[in-house]
>>> print(open('coords_30.cif').read())   # mmCIF, C-alpha atoms and all ligand atoms
data_entry
loop_
_atom_site.label_atom_id
_atom_site.label_comp_id
_atom_site.auth_asym_id
_atom_site.auth_seq_id
_atom_site.Cartn_x
_atom_site.Cartn_y
_atom_site.Cartn_z
CA MET X 145 1.37 1.93 21.71
CA LYS X 146 0.73 -1.11 23.91
CA LYS X 147 1.32 -3.71 21.20
CA GLY X 148 2.06 -4.14 17.52
CA VAL X 149 -0.65 -3.48 14.94
CA PHE X 150 -1.32 -5.03 11.55
CA CYS X 151 -3.24 -2.76 9.18
CA LEU X 152 -4.36 -3.56 5.65
CA SER X 153 -5.60 -1.07 3.06
CA LEU X 154 -6.80 -1.86 -0.44
CA ASP X 155 -6.71 0.73 -3.22
CA THR X 156 -9.87 -0.21 -5.08
CA GLU X 157 -9.96 1.54 -8.41
CA LEU X 158 -10.57 -0.96 -11.24
CA LEU X 159 -9.57 0.91 -14.42
CA TRP X 160 -9.48 4.37 -12.83
CA GLY X 161 -5.87 3.81 -11.78
CA ARG X 162 -4.98 3.80 -15.49
CA HIS X 163 -7.63 6.15 -16.87
CA ASP X 164 -5.09 8.61 -18.23
CA GLY X 165 -2.87 5.98 -19.83
CA ASN X 166 -2.84 2.41 -21.02
CA TRP X 167 -6.15 1.30 -19.48
CA ARG X 168 -7.02 -0.94 -22.43
CA LEU X 169 -4.18 -3.26 -21.42
CA PHE X 170 -5.87 -3.72 -18.05
CA GLU X 171 -9.42 -4.29 -19.23
CA LYS X 172 -9.18 -8.08 -18.93
CA ASN X 173 -7.77 -7.78 -15.40
CA ALA X 174 -10.54 -5.38 -14.41
CA LEU X 175 -13.11 -7.93 -15.47
CA ARG X 176 -11.43 -10.54 -13.26
CA VAL X 177 -11.40 -8.35 -10.17
CA ARG X 178 -14.83 -9.23 -8.77
CA PRO X 179 -13.99 -12.88 -7.97
CA VAL X 180 -10.78 -11.64 -6.31
CA ILE X 181 -12.72 -9.19 -4.13
CA LYS X 182 -15.20 -11.95 -3.25
CA LYS X 183 -12.35 -14.21 -2.18
CA LEU X 184 -10.71 -11.42 -0.14
CA LEU X 185 -13.99 -10.79 1.65
CA GLN X 186 -14.29 -14.51 2.42
CA LEU X 187 -10.78 -14.46 3.90
CA PHE X 188 -11.54 -11.35 5.95
CA LYS X 189 -14.63 -13.07 7.32
CA LYS X 190 -12.78 -16.29 8.06
CA TYR X 191 -9.92 -14.57 9.91
CA LYS X 192 -11.97 -11.65 11.26
CA ILE X 193 -9.78 -9.02 9.58
CA PRO X 194 -11.02 -5.43 9.54
CA ALA X 195 -9.57 -3.83 6.39
CA THR X 196 -9.81 -0.38 4.81
CA TRP X 197 -11.09 -0.29 1.23
CA ALA X 198 -10.00 3.00 -0.35
CA ILE X 199 -12.50 3.31 -3.17
CA VAL X 200 -12.40 5.59 -6.20
CA GLY X 201 -15.63 7.63 -6.04
CA HIS X 202 -16.84 6.62 -9.51
CA LEU X 203 -17.21 3.04 -8.28
CA PHE X 204 -20.18 4.10 -6.17
CA LEU X 205 -22.07 4.68 -9.42
CA ARG X 206 -23.91 1.97 -11.30
CA ASN X 207 -23.45 1.25 -15.00
CA ASP X 208 -23.79 -2.44 -15.83
CA THR X 209 -22.41 -1.97 -19.33
CA LEU X 210 -19.06 -0.64 -18.06
CA PRO X 211 -18.10 -3.05 -15.25
CA GLY X 212 -14.45 -1.97 -15.39
CA TRP X 213 -15.37 1.60 -14.46
CA TYR X 214 -18.43 1.37 -12.21
CA ALA X 215 -19.01 -0.97 -9.33
CA SER X 216 -21.89 -0.19 -7.00
CA ASP X 217 -22.22 -4.00 -6.58
CA VAL X 218 -18.68 -4.14 -5.15
CA VAL X 219 -19.43 -1.37 -2.66
CA LYS X 220 -22.53 -3.27 -1.50
CA ALA X 221 -20.60 -6.54 -1.13
CA ILE X 222 -17.91 -4.87 1.01
CA LYS X 223 -20.53 -3.19 3.21
CA GLN X 224 -22.02 -6.55 4.08
CA VAL X 225 -18.87 -7.89 5.74
CA ASP X 226 -18.24 -7.01 9.39
CA GLY X 227 -15.35 -4.70 10.22
CA GLN X 228 -14.75 -3.48 6.67
CA GLU X 229 -14.18 0.23 6.35
CA ILE X 230 -14.99 2.06 3.15
CA GLY X 231 -12.64 4.97 2.67
CA SER X 232 -11.83 7.15 -0.31
CA HIS X 233 -9.24 7.11 -3.07
CA SER X 234 -10.50 10.37 -4.71
CA PHE X 235 -13.19 10.64 -7.40
CA PHE X 236 -11.12 10.52 -10.63
CA HIS X 237 -7.91 8.97 -9.28
CA THR X 238 -6.19 12.34 -9.58
CA ARG X 239 -2.62 13.00 -8.52
CA PHE X 240 -3.32 15.54 -5.77
CA GLY X 241 0.31 16.64 -5.57
CA SER X 242 0.49 17.68 -9.21
CA THR X 243 0.17 21.33 -10.29
CA PRO X 244 -3.09 20.93 -12.30
CA CYS X 245 -4.83 19.62 -9.18
CA THR X 246 -5.81 22.95 -7.68
CA LYS X 247 -7.47 23.31 -4.33
CA GLU X 248 -10.81 23.82 -6.10
CA ARG X 249 -10.38 20.64 -8.12
CA ALA X 250 -9.44 18.67 -5.00
CA GLU X 251 -12.49 20.02 -3.19
CA ILE X 252 -14.85 19.02 -6.02
CA GLU X 253 -13.44 15.48 -5.93
CA ILE X 254 -13.73 15.09 -2.18
CA ARG X 255 -17.19 16.64 -2.01
CA GLU X 256 -18.49 14.28 -4.69
CA CYS X 257 -17.07 11.21 -2.95
CA VAL X 258 -18.59 12.28 0.37
CA ARG X 259 -21.97 12.94 -1.30
CA LEU X 260 -22.12 9.55 -3.05
CA ALA X 261 -20.99 7.68 0.06
CA LYS X 262 -23.59 9.45 2.17
CA LYS X 263 -26.33 8.16 -0.15
CA GLU X 264 -25.16 4.67 0.85
CA ASN X 265 -25.07 5.63 4.54
CA ILE X 266 -21.28 5.51 4.53
CA LYS X 267 -19.20 8.07 6.40
CA LEU X 268 -15.82 8.47 4.71
CA GLU X 269 -13.06 8.95 7.29
CA SER X 270 -9.90 7.46 5.77
CA PHE X 271 -8.20 8.69 2.61
CA VAL X 272 -5.59 7.12 0.39
CA PHE X 273 -4.02 9.56 -2.06
CA PRO X 274 -3.70 8.28 -5.63
CA TYR X 275 0.02 7.56 -6.24
CA ASN X 276 0.43 8.34 -2.52
CA SER X 277 0.77 11.97 -3.64
CA VAL X 278 -0.15 13.84 -0.46
CA ARG X 279 -1.60 17.38 -0.66
CA HIS X 280 -4.71 19.43 0.27
CA LEU X 281 -5.01 17.91 3.73
CA ASP X 282 -7.10 20.91 4.86
CA ILE X 283 -9.85 19.84 2.46
CA LEU X 284 -9.90 16.32 3.85
CA LYS X 285 -10.30 17.75 7.32
CA LYS X 286 -13.09 20.08 6.17
CA TYR X 287 -15.07 17.11 4.82
CA GLY X 288 -14.76 14.98 7.95
CA PHE X 289 -11.81 12.74 7.19
CA ILE X 290 -9.74 11.78 10.21
CA CYS X 291 -6.76 9.99 8.67
CA PHE X 292 -4.76 9.22 5.55
CA ARG X 293 -2.15 6.75 4.44
CA GLY X 294 1.21 8.50 4.44
CA ASP X 295 3.76 8.27 1.70
CA ASP X 296 6.15 5.33 1.77
CA GLN X 297 9.57 4.21 0.62
CA TYR X 298 8.27 3.21 -2.85
CA SER X 299 7.83 6.82 -4.04
CA THR X 300 11.54 7.55 -3.92
CA ARG X 301 13.10 9.52 -6.80
CA SER X 302 16.64 8.44 -6.02
CA PRO X 303 17.89 6.10 -8.80
CA LEU X 304 20.09 4.24 -6.32
CA LYS X 305 17.22 3.70 -3.89
CA LYS X 306 15.05 2.53 -6.81
CA ILE X 307 17.61 -0.13 -7.71
CA GLN X 308 17.83 -1.19 -4.07
CA LEU X 309 14.04 -1.50 -3.90
CA LEU X 310 13.99 -3.53 -7.11
CA VAL X 311 16.51 -6.03 -5.76
CA ASP X 312 14.69 -6.07 -2.45
CA LEU X 313 11.48 -7.27 -4.16
CA PHE X 314 13.04 -10.69 -4.58
CA MET X 315 14.40 -11.01 -1.04
CA PRO X 316 12.51 -12.01 2.10
CA THR X 317 13.54 -8.82 3.90
CA GLY X 318 11.37 -6.87 6.32
CA SER X 319 9.74 -3.46 5.93
CA PRO X 320 9.68 -0.30 8.03
CA VAL X 321 7.10 -0.02 10.81
CA TYR X 322 5.70 3.22 12.17
CA VAL X 323 3.73 4.91 14.87
CA PRO X 324 0.81 7.07 13.70
CA LYS X 325 1.43 10.80 13.82
CA GLN X 326 -0.58 14.02 13.75
CA THR X 327 -0.21 15.90 10.45
CA ASN X 328 -2.28 19.05 9.87
CA GLY X 329 -4.96 17.84 12.28
CA LEU X 330 -5.22 14.39 10.69
CA ILE X 331 -3.70 11.08 11.71
CA GLU X 332 -1.06 9.93 9.24
CA ILE X 333 -0.54 6.18 8.97
CA PRO X 334 2.37 5.55 6.59
CA GLY X 335 2.46 2.50 4.35
CA SER X 336 5.03 -0.17 5.22
CA PHE X 337 4.76 -2.77 2.51
CA TYR X 338 3.24 -2.83 -0.97
CA PHE X 339 2.04 -6.37 -1.73
CA LEU X 340 2.97 -6.40 -5.41
CA SER X 341 1.22 -7.86 -8.43
CA ALA X 342 2.74 -10.60 -10.60
CA ARG X 343 2.70 -8.41 -13.72
CA GLY X 344 5.74 -8.19 -16.01
CA PHE X 345 9.06 -8.95 -14.30
CA ARG X 346 7.25 -9.33 -10.97
CA ARG X 347 6.08 -12.76 -12.14
CA TYR X 348 9.60 -13.94 -11.24
CA ILE X 349 9.20 -13.05 -7.55
CA PRO X 350 9.16 -16.54 -6.01
CA LYS X 351 5.98 -17.71 -4.34
CA ASN X 352 6.13 -17.17 -0.61
CA VAL X 353 8.53 -14.19 -0.74
CA ARG X 354 5.64 -11.74 -0.29
CA PHE X 355 4.47 -13.76 2.72
CA ARG X 356 7.95 -13.93 4.23
CA LYS X 357 8.44 -10.19 3.79
CA ALA X 358 5.11 -9.44 5.46
CA LYS X 359 5.84 -11.92 8.26
CA ARG X 360 9.09 -10.11 9.07
CA GLY X 361 7.25 -6.79 9.02
CA ILE X 362 4.61 -8.12 11.39
CA ASP X 363 7.29 -9.55 13.70
CA ARG X 364 8.99 -6.16 13.73
CA ALA X 365 5.70 -4.42 14.55
CA VAL X 366 5.25 -6.78 17.50
CA ALA X 367 8.84 -6.32 18.72
CA GLU X 368 8.77 -2.53 18.43
CA LYS X 369 5.05 -2.04 19.26
CA LYS X 370 4.45 -0.19 16.00
CA ILE X 371 2.24 -0.48 12.93
CA PHE X 372 2.94 -2.71 9.95
CA HIS X 373 0.70 -1.28 7.22
CA MET X 374 0.36 -3.47 4.16
CA TRP X 375 -1.40 -2.24 1.05
CA THR X 376 -2.31 -3.56 -2.35
CA HIS X 377 -4.81 -3.21 -5.20
CA PRO X 378 -7.42 -5.95 -5.73
CA ILE X 379 -6.64 -5.63 -9.47
CA ASP X 380 -3.02 -6.60 -8.64
CA LEU X 381 -4.27 -10.01 -7.61
CA THR X 382 -5.88 -10.89 -10.93
CA ILE X 383 -2.70 -12.44 -12.39
CA GLN X 384 -1.41 -15.62 -10.70
CA SER X 385 -4.42 -15.14 -8.46
CA GLU X 386 -4.24 -18.46 -6.72
CA ASP X 387 -0.62 -18.03 -5.61
CA LEU X 388 -1.06 -14.40 -4.54
CA LEU X 389 -4.27 -15.07 -2.63
CA ASP X 390 -2.55 -17.99 -0.97
CA ASP X 391 0.26 -15.67 0.17
CA ILE X 392 -2.36 -13.23 1.48
CA GLU X 393 -4.13 -16.00 3.37
CA GLN X 394 -0.85 -17.04 4.97
CA ILE X 395 -0.25 -13.44 6.07
CA LEU X 396 -3.74 -13.15 7.57
CA ALA X 397 -3.44 -16.52 9.31
CA TYR X 398 -0.09 -15.49 10.80
CA ALA X 399 -1.44 -12.14 12.02
CA CYS X 400 -4.45 -13.94 13.47
CA GLU X 401 -2.20 -16.34 15.37
CA LEU X 402 -0.28 -13.46 16.96
CA ARG X 403 -3.56 -11.72 17.80
CA LYS X 404 -4.64 -14.88 19.65
CA GLU X 405 -1.35 -14.80 21.57
CA GLY X 406 -2.23 -11.25 22.61
CA VAL X 407 0.83 -9.55 21.09
CA LEU X 408 -0.76 -8.03 17.97
CA SER X 409 -3.91 -6.05 17.18
CA ILE X 410 -5.46 -6.00 13.73
CA HIS X 411 -7.12 -2.69 12.91
CA ASN X 412 -8.30 -0.79 9.87
CA MET X 413 -7.18 2.81 9.35
CA ARG X 414 -10.24 4.36 10.99
CA GLN X 415 -9.85 2.21 14.10
CA ILE X 416 -6.19 3.21 14.40
CA ALA X 417 -7.00 6.90 13.96
CA LYS X 418 -9.75 6.80 16.61
CA GLN X 419 -7.54 4.94 19.02
CA TYR X 420 -4.42 7.03 18.65
CA SER X 421 -5.78 10.53 18.09
ZN ZN V 501 -4.63 4.19 -6.93
#
>>> encode(input="coords_30.cif", output="structure tokens")
Amino acid sequence: MKKGVFCLSLDTELLWGRHDGNWRLFEKNALRVRPVIKKLLQLFKKYKIPATWAIVGHLFLRNDTLPGWYASDVVKAIKQVDGQEIGSHSFFHTRFGSTPCTKERAEIEIRECVRLAKKENIKLESFVFPYNSVRHLDILKKYGFICFRGDDQYSTRSPLKKIQLLVDLFMPTGSPVYVPKQTNGLIEIPGSFYFLSARGFRRYIPKNVRFRKAKRGIDRAVAEKKIFHMWTHPIDLTIQSEDLLDDIEQILAYACELRKEGVLSIHNMRQIAKQYS
């Protein structure tokens, strides 16, 4: 790679991320997500940031009486902003790596997402696995996907590593950076940094720490000519919205500055896959 890359992907799922659990607790947040998405799109326009929106397939459908579950209006709004890529985050937000998710089930999900996107003239090429649970890559390839977000340090099962990660949330430390790699005929772009919500204990993460962590990750990407891949959920930004969106704006402004200096590129997942395949 000739220079560092900043990549941003957004797991856009509204209540689907909780459909098999405590979704009622998140209903209020889901209803606050549209203004957050509008603000993100304004920031992406202002700083010319191409991002990847990994959308749960159900959101392509329209049902005005269930705005926490259906969001064809959101898909339309994203499409209108230059450089935004619409990718997929499965149809039901299913854990692909789990035993009940057979190959047949995975294929039904992917086929349905591709069909609904096609009706909107959208070609799905990037995939983000729910829970970053990677499996059935052959099906993605069969349906025209070219890349996926790889698993990251946050899915560890080691109790010690979990404690380390918990402590790390409060420190302005950096994150790993990567080069894209070929995995089963697809380009894998691992996640570097999960921009966390302010839910529960996370509300105690001081303002600015998320920005400082991302800044160090971006600096590392520039120094090592690798990718710093940040990801989040729009619904994560519905609590302490102003502070979190301010941190995001600082990150985008910083990346933009380095792009102007010629040491950093800002690409969405599809752009990276096309460039590095
Ligand atoms: Zn998800």
>>> residues_near_ligand(input="coords_30.cif", ligand="ligand ZN 501 (chain V)", cutoff="8 Å", atoms="all atoms listed in the file", output="JSON, numbers by chain")
{"X": [155, 156, 157, 160, 161, 200, 233, 237, 272, 273, 274, 275, 276, 377]}
>>> atom_distance(input="coords_30.cif", atom1="CA of Glu248 (chain X)", atom2="CA of Asn328 (chain X)")
18.7 Å
>>> residues_around(input="coords_30.cif", residues="Lys286 (chain X)", least_positions_apart="4", cutoff="10 Å", atoms="all atoms listed in the file", output="ChimeraX atom specification")
/X:251,254-255,281-282,290
>>> residues_around(input="coords_30.cif", residues="Arg364 (chain X)", least_positions_apart="4", cutoff="10 Å", atoms="all atoms listed in the file", output="number ranges by chain")
X: 148, 318-321, 358-360, 368-372
>>> closest_residue(input="coords_30.cif", among="X:Leu340, X:Ile331, X:Met145, X:Leu389", to="Ser421 (chain X)", atoms="all atoms listed in the file")
X:Ile331
>>> closest_residue(input="coords_30.cif", among="X:Ala417, X:Gly227, X:His411, X:Gln186", to="Ala399 (chain X)", atoms="only C-alpha atoms")
X:His411
>>> closest_residue(input="coords_30.cif", among="X:Met315, X:Ile392, X:Ile252, X:Ile410", to="Tyr287 (chain X)", atoms="only C-alpha atoms")
X:Ile252
>>> atom_distance(input="coords_30.cif", atom1="CA of His202 (chain X)", atom2="CA of Gly231 (chain X)")
13.0 Å
>>> closest_residue(input="coords_30.cif", among="X:Ile395, X:Leu313, X:Leu284, X:Val177", to="Gly329 (chain X)", atoms="all atoms listed in the file")
X:Leu284
>>> atom_distance(input="coords_30.cif", atom1="CA of Thr209 (chain X)", atom2="CA of Ile222 (chain X)")
21.0 Å
>>> residues_around(input="coords_30.cif", residues="Ala261 (chain X)", least_positions_apart="2", cutoff="12 Å", atoms="all atoms listed in the file", output="ChimeraX atom specification")
/X:198-205,216,219-220,223,229-232,234-235,254-259,263-269
>>> closest_residue(input="coords_30.cif", among="X:Leu408, X:Ala195, X:Leu187, X:Val278", to="Arg293 (chain X)", atoms="all atoms listed in the file")
X:Val278
>>> closest_residue(input="coords_30.cif", among="X:Ala365, X:Arg206, X:Ala215, X:Asp390", to="Arg178 (chain X)", atoms="all atoms listed in the file")
X:Ala215
>>> residues_around(input="coords_30.cif", residues="Lys172 (chain X)", least_positions_apart="6", cutoff="12 Å", atoms="all atoms listed in the file", output="list in words")
Leu158, Leu159, Arg178, Pro211, Gly212, Ile379, Thr382 and Ile383 of chain X
>>> write_last_selection(input="coords_30.cif", atoms="C-alpha atoms", output="compact mmCIF listing (two decimals), in the frame of the given file")
# COMPACT_ATOMS: atom_id res chain seq x y z
CA LEU X 158 -10.57 -0.96 -11.24
CA LEU X 159 -9.57 0.91 -14.42
CA ARG X 178 -14.83 -9.23 -8.77
CA PRO X 211 -18.10 -3.05 -15.25
CA GLY X 212 -14.45 -1.97 -15.39
CA ILE X 379 -6.64 -5.63 -9.47
CA THR X 382 -5.88 -10.89 -10.93
CA ILE X 383 -2.70 -12.44 -12.39
>>> residues_near_point(input="coords_30.cif", point="(-11.4, -0.5, 8.4)", cutoff="9 Å", atoms="only C-alpha atoms", output="ChimeraX atom specification")
/X:151-153,193-197,227-231,270,411-416
>>> write_last_selection(input="coords_30.cif", atoms="C-alpha atoms", output="PDB file, in the coordinates of the input")
ATOM      1  CA  CYS X 151      -3.240  -2.760   9.180  1.00  0.00           C
ATOM      2  CA  LEU X 152      -4.360  -3.560   5.650  1.00  0.00           C
ATOM      3  CA  SER X 153      -5.600  -1.070   3.060  1.00  0.00           C
ATOM      4  CA  ILE X 193      -9.780  -9.020   9.580  1.00  0.00           C
ATOM      5  CA  PRO X 194     -11.020  -5.430   9.540  1.00  0.00           C
ATOM      6  CA  ALA X 195      -9.570  -3.830   6.390  1.00  0.00           C
ATOM      7  CA  THR X 196      -9.810  -0.380   4.810  1.00  0.00           C
ATOM      8  CA  TRP X 197     -11.090  -0.290   1.230  1.00  0.00           C
ATOM      9  CA  GLY X 227     -15.350  -4.700  10.220  1.00  0.00           C
ATOM     10  CA  GLN X 228     -14.750  -3.480   6.670  1.00  0.00           C
ATOM     11  CA  GLU X 229     -14.180   0.230   6.350  1.00  0.00           C
ATOM     12  CA  ILE X 230     -14.990   2.060   3.150  1.00  0.00           C
ATOM     13  CA  GLY X 231     -12.640   4.970   2.670  1.00  0.00           C
ATOM     14  CA  SER X 270      -9.900   7.460   5.770  1.00  0.00           C
ATOM     15  CA  HIS X 411      -7.120  -2.690  12.910  1.00  0.00           C
ATOM     16  CA  ASN X 412      -8.300  -0.790   9.870  1.00  0.00           C
ATOM     17  CA  MET X 413      -7.180   2.810   9.350  1.00  0.00           C
ATOM     18  CA  ARG X 414     -10.240   4.360  10.990  1.00  0.00           C
ATOM     19  CA  GLN X 415      -9.850   2.210  14.100  1.00  0.00           C
ATOM     20  CA  ILE X 416      -6.190   3.210  14.400  1.00  0.00           C
TER      21      ILE X 416
END
>>> residues_around(input="coords_30.cif", residues="Phe314 (chain X)", least_positions_apart="3", cutoff="7 Å", atoms="all atoms listed in the file", output="ChimeraX atom specification")
/X:311,349,353
>>> axis_aligned_box(input="coords_30.cif", around="region 223-226 of chain X", padding_each_side="8 Å", output="lines of an AutoDock Vina configuration file")
center_x = -20.1
center_y = -5.5
center_z = 6.3
size_x = 19.8
size_y = 20.7
size_z = 22.2
>>> decode(input="coords_30.cif", residues="region 179-233 of chain X", atoms="C-alpha atoms", output="PDB file, in the first residue's frame")
ATOM      1  CA  PRO X 179     -31.726  12.402  13.255  1.00  0.00           C
ATOM      2  CA  VAL X 180     -28.369  10.738  14.021  1.00  0.00           C
ATOM      3  CA  ILE X 181     -28.168   9.283  10.503  1.00  0.00           C
ATOM      4  CA  LYS X 182     -29.107  12.686   9.052  1.00  0.00           C
ATOM      5  CA  LYS X 183     -26.311  14.335  11.026  1.00  0.00           C
ATOM      6  CA  LEU X 184     -23.796  11.654   9.981  1.00  0.00           C
ATOM      7  CA  LEU X 185     -24.726  12.188   6.340  1.00  0.00           C
ATOM      8  CA  GLN X 186     -24.245  15.943   6.772  1.00  0.00           C
ATOM      9  CA  LEU X 187     -20.779  15.306   8.224  1.00  0.00           C
ATOM     10  CA  PHE X 188     -19.889  12.907   5.409  1.00  0.00           C
ATOM     11  CA  LYS X 189     -20.923  15.565   2.899  1.00  0.00           C
ATOM     12  CA  LYS X 190     -19.012  18.309   4.684  1.00  0.00           C
ATOM     13  CA  TYR X 191     -15.768  16.310   4.933  1.00  0.00           C
ATOM     14  CA  LYS X 192     -16.265  14.281   1.735  1.00  0.00           C
ATOM     15  CA  ILE X 193     -16.106  10.933   3.547  1.00  0.00           C
ATOM     16  CA  PRO X 194     -17.095   7.817   1.608  1.00  0.00           C
ATOM     17  CA  ALA X 195     -18.481   5.351   4.178  1.00  0.00           C
ATOM     18  CA  THR X 196     -19.920   1.836   3.989  1.00  0.00           C
ATOM     19  CA  TRP X 197     -23.419   1.404   5.410  1.00  0.00           C
ATOM     20  CA  ALA X 198     -23.954  -2.285   6.190  1.00  0.00           C
ATOM     21  CA  ILE X 199     -27.724  -2.479   6.205  1.00  0.00           C
ATOM     22  CA  VAL X 200     -29.959  -5.236   7.548  1.00  0.00           C
ATOM     23  CA  GLY X 201     -32.100  -6.347   4.581  1.00  0.00           C
ATOM     24  CA  HIS X 202     -35.429  -5.728   6.319  1.00  0.00           C
ATOM     25  CA  LEU X 203     -34.660  -2.005   6.355  1.00  0.00           C
ATOM     26  CA  PHE X 204     -35.162  -1.892   2.593  1.00  0.00           C
ATOM     27  CA  LEU X 205     -38.841  -2.574   3.232  1.00  0.00           C
ATOM     28  CA  ARG X 206     -41.382   0.103   4.010  1.00  0.00           C
ATOM     29  CA  ASN X 207     -43.765  -0.002   6.961  1.00  0.00           C
ATOM     30  CA  ASP X 208     -44.489   3.436   8.395  1.00  0.00           C
ATOM     31  CA  THR X 209     -46.147   2.004  11.497  1.00  0.00           C
ATOM     32  CA  LEU X 210     -42.979   0.149  12.581  1.00  0.00           C
ATOM     33  CA  PRO X 211     -40.192   2.721  12.151  1.00  0.00           C
ATOM     34  CA  GLY X 212     -37.852   0.769  14.440  1.00  0.00           C
ATOM     35  CA  TRP X 213     -37.913  -2.233  12.104  1.00  0.00           C
ATOM     36  CA  TYR X 214     -38.325  -0.845   8.583  1.00  0.00           C
ATOM     37  CA  ALA X 215     -36.515   2.063   7.025  1.00  0.00           C
ATOM     38  CA  SER X 216     -36.782   2.459   3.264  1.00  0.00           C
ATOM     39  CA  ASP X 217     -36.578   6.237   3.930  1.00  0.00           C
ATOM     40  CA  VAL X 218     -33.125   5.763   5.493  1.00  0.00           C
ATOM     41  CA  VAL X 219     -31.891   3.772   2.497  1.00  0.00           C
ATOM     42  CA  LYS X 220     -33.078   6.565   0.175  1.00  0.00           C
ATOM     43  CA  ALA X 221     -31.386   9.264   2.276  1.00  0.00           C
ATOM     44  CA  ILE X 222     -28.042   7.404   2.228  1.00  0.00           C
ATOM     45  CA  LYS X 223     -28.256   6.858  -1.538  1.00  0.00           C
ATOM     46  CA  GLN X 224     -28.521  10.588  -2.105  1.00  0.00           C
ATOM     47  CA  VAL X 225     -25.120  11.388  -0.598  1.00  0.00           C
ATOM     48  CA  ASP X 226     -22.042  11.067  -2.815  1.00  0.00           C
ATOM     49  CA  GLY X 227     -19.552   8.316  -2.054  1.00  0.00           C
ATOM     50  CA  GLN X 228     -21.797   6.353   0.301  1.00  0.00           C
ATOM     51  CA  GLU X 229     -21.762   2.623  -0.232  1.00  0.00           C
ATOM     52  CA  ILE X 230     -24.727   0.491   0.734  1.00  0.00           C
ATOM     53  CA  GLY X 231     -23.581  -2.948   1.792  1.00  0.00           C
ATOM     54  CA  SER X 232     -25.296  -5.775   3.623  1.00  0.00           C
ATOM     55  CA  HIS X 233     -25.570  -6.886   7.231  1.00  0.00           C
TER      56      HIS X 233
END
